[in-house]
Amino acid sequence: MAGQQANRAIVLAWDGTVPAFARDMLRQGKLPNLAKLIEGGAIADDVIPVFPSKTAPGFASLITGAPPRITGISGNRVPRAPRGQFTILESLAGFEAAPLAAEPIWSAARRAGKKVVVSHIPTFAGEPVDATVRFSGYTLIAGRDGIVTKSTALSAAEESWRNSPASDAVPIEINFSVAESRLFGLFIDDPSDPQLGYDTLVIASARDGEAIRAKLKTAPAGIAGELFWSSPVGVKAAGNQDAKCYFRLFDLKPDGTDFFLYHTRPVRDLQIETGLDSTPGPTVLTFVGNGATILFQQGAFGRTIANGGNGGAEARYLETLVFAQHQLMETNRWALEHLPWDLFLAYTPFPDEAEHQWRGYLDTTLTSYDPNLAERIRPFLERAYQSSDEHLGLLLSKRPPDAFFALISDHGLQGFNKRVALNHVLQQGGLLHLDSQGRVDLAKTKAVYPPANNGYLLINSKDRKGGIVGSAERRELVRKIREMFLALRDGGQQIVKDVYDADIDGPTMGIGGEVGGDIYVELTPGYDFDPRIAPSALVSETQPHGTHGANPEQPAIRTLMVFNGPGIQAGQTLTNVHIIDFAPTLARLLGIPTPKDAIGRVLFESLDPRATGEGMLAR
């Protein structure tokens, strides 16, 4: 590939990659596809994210080359604008609902006549997509995932089944709800299965063997793979919407006395308007997106290792994660093989989701660190990274010779085991007032840490609806907040490292703006924000978790970027790289215009001058 110029590009985004952990796995040979990508390419493993280092701002900046102050995506939720029409308590989802104010790379590619596929990147789904095929699975979610056990299943009715499937034992009925649908199940002893006792669950939309939609067997969690998951099963969601979900029978007692059945979130079908004769199968059309994070956190999969469990809960949860990865991979396999594309952008929410669950237990800087616990938990996080590496391997196997490849990530993570309630401090300082019902009283409140939890405070300024703080008062208010926050101690530990005023620091740090924060707060590592409006204490202890959103200057929040293929000078280790440098560099490699609002730099040190040429290297 030396000396060639890229005509096309494949980009895969791993959400929430921790470079130090990836390096450890690389040294042990556990990420072979990433190793291959690095060996023939250029790597930056200390990439500086944006502030706050969260997913929506991170991806907005990756695809535009601009910081949050310019993109208008200042968090996973964004204050509403214009300010005069909305209070400091009103916000929009930063993923789909909030308007992107900067041009994304796919729009620049379209201006150059390129065909683009955007696969499930969880941002900006409402943007016009002329000449772009856009998969937006996160906008299709129509309910919650769930678990059905003997204790939660509904009582069986006395009605009999028609066309009951064959069974060597008397079938046992269960019925249960998913979204707005009632489904019916029968546990049977399958005559064709040599296992003794009940070994199979059939799921039907009515008490009729001809209405069976799934037939499930059990297998130990973690090794079953997608073979033991159902095909998509139709259900009704709110508003009588047609939706689908997948089922997995994790456990079934041979005597039928207990069972453990999981279903994914109901989602509406993915709509793909391609104009092609080839249409995708049900796996592509029925999005999964994420593992069973909330259920795992709630203990619904059983006792976790940290709470005295034997690893069974982690194995079940991890299988839901790997299954979600599998669905994304099959989507990208189909799209790469059947759709015309010059620029293919794909996303996976992993390893981020697993990092949130387990990073805190592996963080040696936390006072709660237990090496024995870390040793037991680490393999599960490694498996999450390996599933992302398998996703990378699939895309590499589909890469044409003229295609450049990039692996990117939006932020790293760090562990925490304590939460800090900034609103507690604001209340004690007389800057936040609640009414008799415990709600924020805007007529008396000068500043608040909003539930959006973006690492910044909003000032209730007079240019906002219901605001009371005048411009002449703002400077003194910021000084008072800074003084209060920097004085906070947890024992002898300083809690807040620094405080930034968006009016002063904004242009340099890329923060603030019409829909950004007013006062950004950097916590000491080991702490995370508690966004509750009326907390009872300043600091509360919690089980260790992983978090991000901190000042990107913190080493643990740095992340990964790898380039490989035509136009890249292999063997380069890149330094002083920001995620806003990605879009300009990709545009240069493809020979398309730089996105209009980009302020990041082209990473010329990664480029092969034989491919780009003298004229191309001139700015």
# chains A, B, ... in the order shown; residues from 1 in each chain; ligands from 1
>>> closest_atom_pairs(of="stretch 172-196 of chain A", to="stretch 224-239 of chain A", cutoff="9 Å", atoms="only C-alpha atoms", output="Markdown table")
| residue | atom | partner | partner_atom | distance |
| --- | --- | --- | --- | --- |
| A:Val178 | CA | A:Val235 | CA | 6.9 |
| A:Ala179 | CA | A:Ala237 | CA | 5.2 |
| A:Glu180 | CA | A:Lys236 | CA | 5.2 |
| A:Ser181 | CA | A:Lys236 | CA | 5.3 |
| A:Arg182 | CA | A:Val235 | CA | 8.3 |
| A:Leu183 | CA | A:Val235 | CA | 8.5 |
>>> residues_around(residues="A:Asp255", least_positions_apart="4", cutoff="12 Å", atoms="only C-alpha atoms", output="VMD selection string")
chain A and resid 169 to 172 187 to 189 195 to 200 251 259
>>> select_by_dssp(residues="stretch 347-435 of chain A", states="strand (DSSP E)", output="list in words")
Tyr347, Thr348, Ala403, Phe404, Phe405, Ala406, Leu407, Ile408, Gln414, Gly415, Phe416, Asn417, Lys418, Arg419 and Val420 of chain A
>>> write_last_selection(atoms="N, CA and C atoms", output="PDB file, in the first residue's frame")
ATOM      1  N   TYR A 347     -19.912   2.076  14.399  1.00  0.00           N
ATOM      2  CA  TYR A 347     -19.811   2.358  15.830  1.00  0.00           C
ATOM      3  C   TYR A 347     -20.131   1.110  16.639  1.00  0.00           C
ATOM      4  N   THR A 348     -19.447   0.968  17.771  1.00  0.00           N
ATOM      5  CA  THR A 348     -19.831  -0.006  18.774  1.00  0.00           C
ATOM      6  C   THR A 348     -19.768   0.662  20.142  1.00  0.00           C
ATOM      7  N   ALA A 403      -8.742   1.107   0.286  1.00  0.00           N
ATOM      8  CA  ALA A 403      -9.435   1.732   1.410  1.00  0.00           C
ATOM      9  C   ALA A 403      -8.489   1.963   2.586  1.00  0.00           C
ATOM     10  N   PHE A 404      -8.513   3.165   3.080  1.00  0.00           N
ATOM     11  CA  PHE A 404      -7.858   3.546   4.310  1.00  0.00           C
ATOM     12  C   PHE A 404      -8.724   3.071   5.484  1.00  0.00           C
ATOM     13  N   PHE A 405      -8.092   2.738   6.626  1.00  0.00           N
ATOM     14  CA  PHE A 405      -8.836   2.265   7.789  1.00  0.00           C
ATOM     15  C   PHE A 405      -8.429   3.094   9.008  1.00  0.00           C
ATOM     16  N   ALA A 406      -9.432   3.467   9.811  1.00  0.00           N
ATOM     17  CA  ALA A 406      -9.159   4.187  11.052  1.00  0.00           C
ATOM     18  C   ALA A 406      -9.948   3.563  12.188  1.00  0.00           C
ATOM     19  N   LEU A 407      -9.273   3.386  13.314  1.00  0.00           N
ATOM     20  CA  LEU A 407      -9.937   3.020  14.560  1.00  0.00           C
ATOM     21  C   LEU A 407      -9.859   4.235  15.481  1.00  0.00           C
ATOM     22  N   ILE A 408     -11.006   4.665  15.999  1.00  0.00           N
ATOM     23  CA  ILE A 408     -11.039   5.860  16.831  1.00  0.00           C
ATOM     24  C   ILE A 408     -11.812   5.574  18.117  1.00  0.00           C
ATOM     25  N   GLN A 414     -11.920   6.369  34.046  1.00  0.00           N
ATOM     26  CA  GLN A 414     -11.191   6.204  35.295  1.00  0.00           C
ATOM     27  C   GLN A 414     -12.149   5.690  36.356  1.00  0.00           C
ATOM     28  N   GLY A 415     -11.602   5.094  37.398  1.00  0.00           N
ATOM     29  CA  GLY A 415     -12.436   4.531  38.445  1.00  0.00           C
ATOM     30  C   GLY A 415     -12.858   5.577  39.460  1.00  0.00           C
ATOM     31  N   PHE A 416     -13.977   5.309  40.111  1.00  0.00           N
ATOM     32  CA  PHE A 416     -14.402   6.142  41.242  1.00  0.00           C
ATOM     33  C   PHE A 416     -15.137   5.270  42.241  1.00  0.00           C
ATOM     34  N   ASN A 417     -15.114   5.698  43.492  1.00  0.00           N
ATOM     35  CA  ASN A 417     -15.882   5.010  44.526  1.00  0.00           C
ATOM     36  C   ASN A 417     -16.566   5.993  45.482  1.00  0.00           C
ATOM     37  N   LYS A 418     -16.589   7.295  45.072  1.00  0.00           N
ATOM     38  CA  LYS A 418     -17.296   8.313  45.849  1.00  0.00           C
ATOM     39  C   LYS A 418     -17.974   9.290  44.898  1.00  0.00           C
ATOM     40  N   ARG A 419     -19.121   9.803  45.353  1.00  0.00           N
ATOM     41  CA  ARG A 419     -19.861  10.806  44.581  1.00  0.00           C
ATOM     42  C   ARG A 419     -19.905  12.117  45.368  1.00  0.00           C
ATOM     43  N   VAL A 420     -19.845  13.213  44.622  1.00  0.00           N
ATOM     44  CA  VAL A 420     -19.829  14.548  45.215  1.00  0.00           C
ATOM     45  C   VAL A 420     -21.067  15.311  44.760  1.00  0.00           C
TER      46      VAL A 420
END
>>> residues_around(residues="A:Ile568", least_positions_apart="4", cutoff="8 Å", atoms="only C-alpha atoms", output="CSV table (one decimal) with N, CA, C and O atoms, in the first residue's frame")
chain,number,residue,atom,x,y,z
A,2,ALA,N,2.2,1.1,0.2
A,2,ALA,CA,3.0,2.3,0.2
A,2,ALA,C,2.9,3.1,-1.1
A,2,ALA,O,3.0,2.5,-2.2
A,41,GLY,N,0.5,0.6,10.6
A,41,GLY,CA,-0.1,1.9,10.5
A,41,GLY,C,0.6,2.9,11.5
A,41,GLY,O,1.7,2.7,11.9
A,42,ALA,N,-0.2,3.9,11.8
A,42,ALA,CA,0.3,5.0,12.8
A,42,ALA,C,-0.7,5.0,13.9
A,42,ALA,O,-1.9,4.9,13.7
A,563,PHE,N,-4.4,4.7,12.5
A,563,PHE,CA,-4.6,4.9,11.0
A,563,PHE,C,-3.8,3.8,10.3
A,563,PHE,O,-2.7,3.4,10.7
A,564,ASN,N,-4.4,3.2,9.2
A,564,ASN,CA,-3.7,2.2,8.5
A,564,ASN,C,-4.2,2.2,7.0
A,564,ASN,O,-5.4,2.4,6.8
A,606,SER,N,1.5,11.7,10.2
A,606,SER,CA,1.1,10.3,9.9
A,606,SER,C,1.0,10.0,8.4
A,606,SER,O,0.8,8.8,8.1
A,607,LEU,N,1.1,11.0,7.6
A,607,LEU,CA,0.8,10.8,6.2
A,607,LEU,C,2.1,10.4,5.4
A,607,LEU,O,3.2,10.9,5.7
A,608,ASP,N,1.9,9.6,4.4
A,608,ASP,CA,3.0,9.1,3.5
A,608,ASP,C,3.1,10.2,2.4
A,608,ASP,O,2.2,10.3,1.6
